[in-house]
file input.tsv (TSV, C-alpha atoms)
chain	number	residue	atom	x	y	z
A	1	MET	CA	14.30	-11.05	26.37
A	2	SER	CA	13.21	-8.39	23.85
A	3	PRO	CA	9.65	-8.65	22.47
A	4	ARG	CA	9.12	-10.03	19.00
A	5	PRO	CA	8.93	-7.31	16.33
A	6	TYR	CA	5.52	-6.62	14.85
A	7	GLY	CA	5.27	-6.41	11.07
A	8	VAL	CA	2.67	-5.26	8.55
A	9	LEU	CA	2.36	-6.57	5.00
A	10	ALA	CA	1.83	-3.79	2.43
A	11	MET	CA	1.51	-5.35	-1.01
A	12	SER	CA	-0.95	-6.81	-3.49
A	13	ARG	CA	-2.52	-10.23	-3.06
A	14	TYR	CA	-0.46	-11.47	-6.03
A	15	ALA	CA	2.76	-10.31	-4.36
A	16	ARG	CA	1.76	-11.96	-1.07
A	17	ASP	CA	0.79	-15.25	-2.69
A	18	PHE	CA	3.93	-15.58	-4.80
A	19	ALA	CA	6.60	-13.82	-2.70
A	20	LEU	CA	5.44	-14.99	0.71
A	21	THR	CA	4.80	-18.68	0.17
A	22	PRO	CA	3.89	-20.80	3.22
A	23	ALA	CA	7.55	-21.77	3.64
A	24	VAL	CA	8.68	-18.13	3.51
A	25	MET	CA	5.92	-17.08	5.91
A	26	ASP	CA	7.04	-19.79	8.33
A	27	ARG	CA	10.52	-18.28	8.33
A	28	LEU	CA	9.07	-14.83	8.98
A	29	THR	CA	6.74	-15.85	11.81
A	30	ALA	CA	9.54	-17.77	13.49
A	31	PHE	CA	10.91	-14.43	14.75
A	32	ALA	CA	8.15	-11.84	14.16
A	33	ASP	CA	4.43	-11.33	14.69
A	34	VAL	CA	2.61	-10.80	11.40
A	35	ASP	CA	-1.00	-11.24	10.34
A	36	ALA	CA	-0.61	-12.97	6.97
A	37	ARG	CA	-4.29	-12.38	6.19
A	38	LEU	CA	-4.01	-8.59	6.42
A	39	LEU	CA	-2.75	-6.86	3.28
A	40	VAL	CA	-2.60	-3.10	3.66
A	41	SER	CA	-3.50	-1.20	0.49
A	42	ASP	CA	-4.32	2.07	2.28
A	43	PHE	CA	-2.31	2.99	5.36
A	44	ALA	CA	-4.92	5.50	6.54
A	45	LYS	CA	-7.57	2.77	6.75
A	46	HIS	CA	-5.33	0.64	8.96
A	47	SER	CA	-3.94	3.27	11.31
A	48	ASP	CA	-4.23	0.93	14.30
A	49	VAL	CA	-1.82	-1.69	12.91
A	50	VAL	CA	0.44	0.93	11.36
A	51	ALA	CA	0.84	2.53	14.79
A	52	ARG	CA	2.13	-0.80	16.16
A	53	ALA	CA	4.44	-1.64	13.26
A	54	ASP	CA	8.13	-2.15	13.91
A	55	PHE	CA	8.62	-2.98	10.25
A	56	LEU	CA	6.81	-2.92	6.95
A	57	LEU	CA	7.26	-5.78	4.52
A	58	THR	CA	6.33	-4.19	1.20
A	59	GLY	CA	6.01	-5.57	-2.31
A	60	TRP	CA	4.36	-4.98	-5.66
A	61	GLY	CA	1.22	-2.93	-5.12
A	62	SER	CA	2.40	-1.28	-1.92
A	63	PRO	CA	0.83	2.09	-1.12
A	64	ARG	CA	3.24	5.03	-0.88
A	65	VAL	CA	4.92	5.66	2.46
A	66	THR	CA	4.52	9.41	2.97
A	67	ASP	CA	5.14	11.87	5.82
A	68	ALA	CA	1.59	11.29	7.01
A	69	VAL	CA	2.15	7.52	7.16
A	70	LEU	CA	5.36	8.02	9.13
A	71	GLU	CA	3.59	10.33	11.58
A	72	ALA	CA	1.17	7.49	12.26
A	73	ALA	CA	3.96	4.92	12.67
A	74	PRO	CA	6.15	6.05	15.61
A	75	ARG	CA	7.66	2.58	16.13
A	76	LEU	CA	8.64	1.96	12.52
A	77	ARG	CA	12.34	1.07	12.16
A	78	LEU	CA	12.63	-0.96	8.96
A	79	ILE	CA	11.06	-1.19	5.51
A	80	ALA	CA	11.98	-4.41	3.69
A	81	HIS	CA	10.84	-4.49	0.06
A	82	SER	CA	10.24	-7.91	-1.49
A	83	ALA	CA	10.88	-6.61	-5.01
A	84	GLY	CA	13.37	-4.35	-6.81
A	85	THR	CA	13.09	-0.57	-6.85
A	86	VAL	CA	11.87	1.33	-3.79
A	87	LYS	CA	11.59	4.71	-5.54
A	88	ILE	CA	7.92	4.31	-6.40
A	89	HIS	CA	6.54	3.78	-2.91
A	90	LEU	CA	8.98	5.51	-0.52
A	91	SER	CA	9.25	9.25	0.00
A	92	ASP	CA	12.50	10.92	1.08
A	93	ALA	CA	10.94	11.36	4.53
A	94	VAL	CA	11.64	7.68	5.21
A	95	TRP	CA	15.39	8.30	5.18
A	96	ARG	CA	15.07	11.61	7.04
A	97	ARG	CA	13.37	9.68	9.84
A	98	GLY	CA	16.36	7.32	9.98
A	99	ILE	CA	14.34	4.26	9.00
A	100	ALA	CA	16.44	1.47	7.50
A	101	VAL	CA	15.48	0.46	3.96
A	102	THR	CA	16.38	-2.70	2.08
A	103	SER	CA	15.13	-4.38	-1.08
A	104	ALA	CA	15.33	-7.73	-2.77
A	105	ALA	CA	16.97	-6.24	-5.87
A	106	PRO	CA	20.00	-8.57	-5.57
A	107	ALA	CA	17.69	-11.59	-5.64
A	108	ASN	CA	15.79	-10.21	-8.63
A	109	ALA	CA	19.09	-9.52	-10.42
A	110	VAL	CA	19.84	-13.23	-10.70
A	111	PRO	CA	17.02	-14.27	-13.08
A	112	VAL	CA	17.53	-11.11	-15.14
A	113	ALA	CA	21.24	-11.87	-15.56
A	114	GLU	CA	20.53	-15.50	-16.41
A	115	TYR	CA	17.88	-14.46	-18.93
A	116	THR	CA	20.35	-12.01	-20.46
A	117	ARG	CA	23.07	-14.64	-20.79
A	118	ALA	CA	20.57	-16.91	-22.55
A	119	ALA	CA	19.51	-14.05	-24.83
A	120	ILE	CA	23.13	-13.27	-25.72
A	121	LEU	CA	23.92	-16.88	-26.60
A	122	LEU	CA	20.71	-17.36	-28.57
A	123	ALA	CA	21.13	-14.05	-30.37
A	124	ARG	CA	24.64	-14.98	-31.48
A	125	LYS	CA	23.27	-18.34	-32.64
A	126	ARG	CA	20.82	-16.23	-34.66
A	127	ALA	CA	18.09	-18.34	-33.07
A	128	PHE	CA	15.54	-15.52	-32.92
A	129	THR	CA	15.92	-14.31	-36.49
A	130	ALA	CA	16.30	-17.83	-37.90
A	131	ALA	CA	13.06	-18.86	-36.18
A	132	ALA	CA	11.23	-15.84	-37.61
A	133	LYS	CA	12.51	-16.55	-41.13
A	134	TYR	CA	11.98	-20.33	-40.99
A	135	LEU	CA	8.32	-20.10	-42.05
A	136	VAL	CA	9.07	-17.74	-44.93
A	137	ASP	CA	12.48	-18.87	-46.19
A	138	GLY	CA	12.55	-22.47	-45.00
A	139	PHE	CA	15.34	-24.28	-43.20
A	140	PRO	CA	18.59	-22.24	-43.36
A	141	THR	CA	21.25	-24.20	-45.20
A	142	GLN	CA	24.12	-21.82	-44.46
A	143	LYS	CA	25.09	-21.47	-40.83
A	144	ASP	CA	28.84	-21.09	-41.13
A	145	GLY	CA	29.34	-17.34	-41.61
A	146	THR	CA	31.00	-15.13	-39.02
A	147	GLU	CA	27.59	-13.73	-38.10
A	148	TRP	CA	26.73	-17.14	-36.58
A	149	GLY	CA	28.04	-18.33	-33.19
A	150	TYR	CA	29.38	-16.71	-30.04
A	151	SER	CA	32.98	-17.94	-29.88
A	152	GLY	CA	35.46	-15.14	-30.37
A	153	THR	CA	32.81	-12.44	-30.20
A	154	THR	CA	32.83	-9.16	-28.30
A	155	ILE	CA	30.06	-8.52	-25.79
A	156	GLY	CA	29.46	-5.00	-24.52
A	157	VAL	CA	27.70	-4.46	-21.20
A	158	VAL	CA	26.28	-0.98	-20.63
A	159	GLY	CA	26.11	-0.34	-16.89
A	160	GLY	CA	27.97	-2.15	-14.13
A	161	SER	CA	24.83	-2.45	-12.02
A	162	LEU	CA	23.96	-5.46	-9.89
A	163	ILE	CA	22.66	-7.12	-13.03
A	164	GLY	CA	25.42	-5.87	-15.30
A	165	LYS	CA	28.07	-7.28	-12.98
A	166	LEU	CA	26.27	-10.63	-12.78
A	167	VAL	CA	26.05	-10.81	-16.58
A	168	LEU	CA	29.80	-10.26	-16.86
A	169	GLU	CA	30.45	-12.92	-14.22
A	170	LEU	CA	28.22	-15.40	-16.05
A	171	LEU	CA	30.06	-14.79	-19.33
A	172	ARG	CA	33.62	-15.03	-17.99
A	173	GLY	CA	34.00	-18.70	-18.88
A	174	TYR	CA	33.15	-18.19	-22.55
A	175	ASP	CA	35.49	-17.43	-25.44
A	176	MET	CA	34.43	-13.79	-25.55
A	177	GLU	CA	35.95	-10.36	-25.15
A	178	LEU	CA	33.96	-8.45	-22.53
A	179	LEU	CA	33.62	-4.67	-22.53
A	180	LEU	CA	32.02	-2.46	-19.88
A	181	ALA	CA	30.79	1.12	-20.27
A	182	ASP	CA	30.07	2.75	-16.91
A	183	PRO	CA	31.31	6.20	-15.82
A	184	PHE	CA	31.11	5.18	-12.16
A	185	LYS	CA	33.40	2.15	-12.48
A	186	THR	CA	37.19	2.23	-12.54
A	187	ASP	CA	39.45	0.31	-14.91
A	188	GLU	CA	40.43	-1.95	-12.01
A	189	GLU	CA	36.81	-2.70	-11.10
A	190	ALA	CA	36.12	-3.64	-14.71
A	191	ARG	CA	39.18	-5.91	-14.81
A	192	GLU	CA	38.00	-7.66	-11.66
A	193	LEU	CA	34.84	-8.52	-13.59
A	194	GLY	CA	36.86	-9.84	-16.52
A	195	ALA	CA	36.06	-6.83	-18.69
A	196	THR	CA	37.79	-3.83	-20.21
A	197	ARG	CA	36.27	-0.44	-19.39
A	198	VAL	CA	35.65	1.69	-22.47
A	199	SER	CA	33.49	4.63	-23.45
A	200	LEU	CA	29.93	3.96	-24.55
A	201	GLU	CA	30.86	5.02	-28.07
A	202	GLU	CA	33.78	2.59	-28.26
A	203	LEU	CA	31.63	-0.19	-26.82
A	204	CYS	CA	29.02	0.35	-29.52
A	205	ARG	CA	31.66	0.35	-32.26
A	206	ARG	CA	33.41	-2.83	-31.13
A	207	SER	CA	30.63	-5.07	-29.79
A	208	ASP	CA	28.81	-7.88	-31.56
A	209	VAL	CA	26.19	-7.70	-28.81
A	210	VAL	CA	25.31	-4.61	-26.77
A	211	SER	CA	23.43	-5.49	-23.57
A	212	ILE	CA	21.90	-2.66	-21.52
A	213	HIS	CA	21.89	-2.69	-17.72
A	214	ALA	CA	21.83	0.98	-16.71
A	215	PRO	CA	19.25	2.51	-14.36
A	216	ALA	CA	16.40	4.62	-15.75
A	217	LEU	CA	17.24	8.18	-14.67
A	218	PRO	CA	16.66	11.57	-16.30
A	219	SER	CA	20.33	11.52	-17.32
A	220	THR	CA	20.00	8.10	-19.00
A	221	HIS	CA	16.84	8.79	-21.02
A	222	HIS	CA	17.61	7.59	-24.58
A	223	LEU	CA	21.11	6.66	-23.47
A	224	ILE	CA	21.27	4.58	-26.65
A	225	ASP	CA	20.28	7.06	-29.33
A	226	GLU	CA	20.68	7.46	-33.08
A	227	ASN	CA	24.37	8.23	-32.71
A	228	HIS	CA	25.11	5.08	-30.71
A	229	LEU	CA	22.98	2.86	-32.93
A	230	SER	CA	24.79	4.21	-35.97
A	231	LEU	CA	28.11	3.25	-34.38
A	232	MET	CA	27.04	-0.39	-33.98
A	233	ARG	CA	28.51	-2.69	-36.60
A	234	ASP	CA	26.34	-4.37	-39.22
A	235	GLY	CA	24.89	-7.60	-37.84
A	236	ALA	CA	25.22	-6.52	-34.20
A	237	VAL	CA	22.47	-7.25	-31.69
A	238	LEU	CA	21.01	-4.86	-29.11
A	239	ILE	CA	19.59	-6.49	-25.96
A	240	ASN	CA	17.57	-4.52	-23.42
A	241	THR	CA	16.42	-6.14	-20.18
A	242	ALA	CA	16.67	-2.91	-18.16
A	243	ARG	CA	14.14	-0.16	-18.98
A	244	GLY	CA	12.58	0.81	-22.29
A	245	SER	CA	13.31	4.51	-21.87
A	246	LEU	CA	17.05	3.86	-22.19
A	247	VAL	CA	16.68	3.34	-25.96
A	248	ASP	CA	15.40	5.72	-28.62
A	249	HIS	CA	12.80	3.43	-30.16
A	250	ASP	CA	12.24	5.56	-33.26
A	251	ALA	CA	15.93	5.34	-34.13
A	252	LEU	CA	15.98	1.64	-33.29
A	253	VAL	CA	13.09	0.96	-35.67
A	254	ASP	CA	15.00	2.62	-38.51
A	255	HIS	CA	18.14	0.53	-37.97
A	256	CYS	CA	16.26	-2.73	-37.51
A	257	ARG	CA	13.97	-2.10	-40.47
A	258	ALA	CA	17.06	-1.57	-42.62
A	259	GLY	CA	18.26	-4.99	-41.44
A	260	ARG	CA	21.50	-3.53	-40.15
A	261	ILE	CA	21.10	-4.61	-36.53
A	262	ASP	CA	18.86	-7.02	-34.61
A	263	ALA	CA	17.20	-6.40	-31.26
A	264	VAL	CA	16.00	-8.48	-28.32
A	265	LEU	CA	13.78	-6.39	-26.07
A	266	ASP	CA	12.24	-7.51	-22.81
A	267	VAL	CA	11.28	-3.92	-21.99
A	268	THR	CA	9.89	-1.18	-24.21
A	269	ASP	CA	8.73	2.42	-24.10
A	270	PRO	CA	5.78	2.51	-23.84
A	271	GLU	CA	5.04	-0.79	-22.19
A	272	PRO	CA	3.18	-2.57	-23.63
A	273	LEU	CA	3.72	-1.47	-27.21
A	274	PRO	CA	0.62	-0.80	-29.32
A	275	ALA	CA	-0.39	-3.81	-31.42
A	276	ASN	CA	0.75	-2.29	-34.72
A	277	HIS	CA	4.15	-1.08	-33.53
A	278	PRO	CA	6.96	-1.90	-36.02
A	279	LEU	CA	9.11	-3.50	-33.33
A	280	LEU	CA	6.46	-6.19	-32.95
A	281	LEU	CA	6.37	-6.87	-36.69
A	282	LEU	CA	10.01	-6.87	-37.77
A	283	PRO	CA	11.49	-10.38	-38.18
A	284	ASN	CA	14.85	-9.34	-36.70
A	285	VAL	CA	13.31	-7.96	-33.51
A	286	THR	CA	12.18	-10.19	-30.65
A	287	VAL	CA	9.99	-8.58	-28.00
A	288	THR	CA	9.07	-10.41	-24.80
A	289	PRO	CA	6.56	-9.06	-22.24
A	290	HIS	CA	8.89	-8.11	-19.35
A	291	LEU	CA	9.80	-11.68	-18.42
A	292	ALA	CA	13.45	-11.36	-17.38
A	293	GLY	CA	12.88	-10.56	-13.72
A	294	ALA	CA	11.51	-12.99	-11.18
A	295	ILE	CA	8.13	-14.40	-12.24
A	296	GLY	CA	5.94	-17.24	-11.01
A	297	SER	CA	7.85	-19.69	-8.86
A	298	GLU	CA	10.92	-17.43	-8.89
A	299	VAL	CA	9.17	-14.66	-6.93
A	300	ALA	CA	9.52	-16.61	-3.67
A	301	THR	CA	13.26	-15.87	-3.78
A	302	LEU	CA	12.40	-12.18	-3.44
A	303	GLY	CA	10.19	-12.75	-0.43
A	304	ASP	CA	12.80	-14.97	1.15
A	305	TYR	CA	15.46	-12.29	0.64
A	306	ALA	CA	13.28	-9.61	2.27
A	307	VAL	CA	12.45	-11.91	5.19
A	308	GLU	CA	16.12	-12.73	5.75
A	309	GLU	CA	16.95	-9.01	5.70
A	310	THR	CA	14.25	-8.44	8.31
A	311	ARG	CA	15.64	-11.22	10.50
A	312	ARG	CA	19.14	-9.81	10.20
A	313	PHE	CA	18.00	-6.33	11.16
A	314	PHE	CA	16.23	-7.37	14.36
A	315	ALA	CA	19.08	-9.74	15.22
A	316	GLY	CA	21.48	-6.80	15.07
A	317	GLU	CA	23.27	-8.13	11.98
A	318	PRO	CA	24.23	-5.91	9.00
A	319	LEU	CA	21.83	-5.75	6.09
A	320	ARG	CA	23.09	-7.19	2.81
A	321	ASN	CA	21.42	-4.52	0.68
A	322	GLN	CA	20.76	-1.41	2.74
A	323	ILE	CA	19.61	1.44	0.50
A	324	ARG	CA	20.63	4.94	1.54
A	325	ILE	CA	19.17	8.14	0.19
A	326	GLY	CA	22.36	8.91	-1.70
A	327	ASP	CA	21.95	5.68	-3.66
A	328	LEU	CA	18.69	6.81	-5.26
A	329	SER	CA	20.42	8.93	-7.90
A	330	THR	CA	22.36	5.96	-9.31
A	331	VAL	CA	20.08	2.94	-8.88
A	332	ALA	CA	16.97	1.90	-10.76
call {"tool": "encode", "arguments": {"input": "input.tsv", "output": "structure tokens"}}
result
Amino acid sequence: MSPRPYGVLAMSRYARDFALTPAVMDRLTAFADVDARLLVSDFAKHSDVVARADFLLTGWGSPRVTDAVLEAAPRLRLIAHSAGTVKIHLSDAVWRRGIAVTSAAPANAVPVAEYTRAAILLARKRAFTAAAKYLVDGFPTQKDGTEWGYSGTTIGVVGGSLIGKLVLELLRGYDMELLLADPFKTDEEARELGATRVSLEELCRRSDVVSIHAPALPSTHHLIDENHLSLMRDGAVLINTARGSLVDHDALVDHCRAGRIDAVLDVTDPEPLPANHPLLLLPNVTVTPHLAGAIGSEVATLGDYAVEETRRFFAGEPLRNQIRIGDLSTVA
């Protein structure tokens, strides 16, 4: 019988407490040896345990895994990340060494997609702007114009990412036309998601709601710029639950200040915005403090996903979300 794998936790105390609840830790220690009390914030200071590690279970606050760390970890075979992106804390040397990498991004995609669906429905109900105007203008007596309601509307999803695909799946049962702009998806892939693939420009022209789900890459910086905002129809809503850098905020301020479009932003650039930023003051802009992803009680789903991936790896089963070095150029 093969020995139980030895794992090291590399994450903040917050990540450990919320992602690795007692129930999740019980599932982990059922097949692996892990000291739940030891949280590694500096690999060099814990070279003895790093040298024994068969896997690292990382999370928010993990130190970076560099060439030097890998030199000190000859047994390391797997890095399972109990959060989304792995770009921040893993160097390319991890993949060159042939170490398997997985993340809980699919688990984190679920609350983001659900949050986005709620934002789309509420935005088309004009709930955000009506609430902001209630104090000033009183109870709205007219709620029967075409700018109210989501039936028969066109929803444009920018980016067929894990989250973008989930958003489309969640919206398929509604009376909506769904559009997808993604240069890496085919027409057939879009149709399978219940959407029509179009260019980003056409999506902006036709959509009542534009929801952004593209990764933050050098090529996608200000993906939604002045040109695309100008193409959006009067009364349209821009929703961003991806990354703030995808939108030109200066251009967005101009269009929202003019009252031409509304915005619902869970992410901004910079984050947080300074207290006097116009996007925080405009009545047709709703800014939330990066809430869409897993928070509080939801974070345990990320830990559970990473633990299950770890179990699968050492049981010889395929990983559900193995990340290869070639994926880094197209994922968040």
call {"tool": "closest_atom_pairs", "arguments": {"input": "input.tsv", "of": "range 79-131 of chain A", "to": "range 229-247 of chain A", "cutoff": "8 Å", "atoms": "all atoms listed in the file", "output": "CSV"}}
result
residue,atom,partner,partner_atom,distance
A:Val112,CA,A:Thr241,CA,7.2
A:Thr116,CA,A:Thr241,CA,7.1
A:Ala119,CA,A:Ile239,CA,7.6
A:Ile120,CA,A:Ile239,CA,7.7
A:Ala123,CA,A:Val237,CA,7.1
call {"tool": "closest_residue", "arguments": {"input": "input.tsv", "among": "A:Arg4, A:Ala19, A:Ala113, A:Thr141", "to": "Asp304 in chain A", "atoms": "all atoms listed in the file"}}
result
A:Ala19
call {"tool": "residues_around", "arguments": {"input": "input.tsv", "residues": "range 32-47 of chain A", "least_positions_apart": "3", "cutoff": "6 Å", "atoms": "all atoms listed in the file", "output": "VMD selection string"}}
result
chain A and resid 4 to 7 9 to 10 29 50 to 51 63
call {"tool": "closest_residue", "arguments": {"input": "input.tsv", "among": "A:Ser91, A:Thr186, A:Ser12, A:Asn321", "to": "Ser62 in chain A", "atoms": "all atoms listed in the file"}}
result
A:Ser12
call {"tool": "atom_distance", "arguments": {"input": "input.tsv", "atom1": "CA of Ala292 in chain A", "atom2": "CA of Tyr115 in chain A"}}
result
5.6 Å
call {"tool": "closest_residue", "arguments": {"input": "input.tsv", "among": "A:Ala100, A:Met25, A:Ala73, A:Val158", "to": "Lys185 in chain A", "atoms": "only C-alpha atoms"}}
result
A:Val158
call {"tool": "atom_distance", "arguments": {"input": "input.tsv", "atom1": "CA of Arg191 in chain A", "atom2": "CA of Ser207 in chain A"}}
result
17.3 Å
call {"tool": "closest_residue", "arguments": {"input": "input.tsv", "among": "A:Thr153, A:Lys133, A:Arg197, A:Gly164", "to": "Glu177 in chain A", "atoms": "all atoms listed in the file"}}
result
A:Thr153
call {"tool": "residues_around", "arguments": {"input": "input.tsv", "residues": "range 168-173 of chain A", "least_positions_apart": "6", "cutoff": "12 Å", "atoms": "only C-alpha atoms", "output": "JSON, numbers by chain"}}
result
{"A": [110, 111, 112, 113, 114, 115, 116, 117, 118, 119, 120, 121, 150, 151, 153, 154, 155, 156, 157, 158, 159, 160, 161, 162, 179, 180, 181, 189, 190, 191, 192, 193, 194, 195, 196, 211, 212, 213]}
call {"tool": "residues_around", "arguments": {"input": "input.tsv", "residues": "Ala105 in chain A", "least_positions_apart": "5", "cutoff": "7 Å", "atoms": "only C-alpha atoms", "output": "PDB file with C-alpha atoms, in the coordinates of the input"}}
result
ATOM      1  CA  ALA A  83      10.880  -6.610  -5.010  1.00  0.00           C
ATOM      2  CA  GLY A  84      13.370  -4.350  -6.810  1.00  0.00           C
ATOM      3  CA  THR A  85      13.090  -0.570  -6.850  1.00  0.00           C
TER       4      THR A  85
END
call {"tool": "residues_around", "arguments": {"input": "input.tsv", "residues": "Arg97 in chain A", "least_positions_apart": "6", "cutoff": "10 Å", "atoms": "all atoms listed in the file", "output": "NGL selection string"}}
result
:A and (67 or 70-71 or 74 or 76-77)
call {"tool": "atom_distance", "arguments": {"input": "input.tsv", "atom1": "CA of Arg324 in chain A", "atom2": "CA of Ala107 in chain A"}}
result
18.3 Å
call {"tool": "closest_residue", "arguments": {"input": "input.tsv", "among": "A:His228, A:Asn108, A:Leu282, A:Glu309", "to": "Ile163 in chain A", "atoms": "only C-alpha atoms"}}
result
A:Asn108
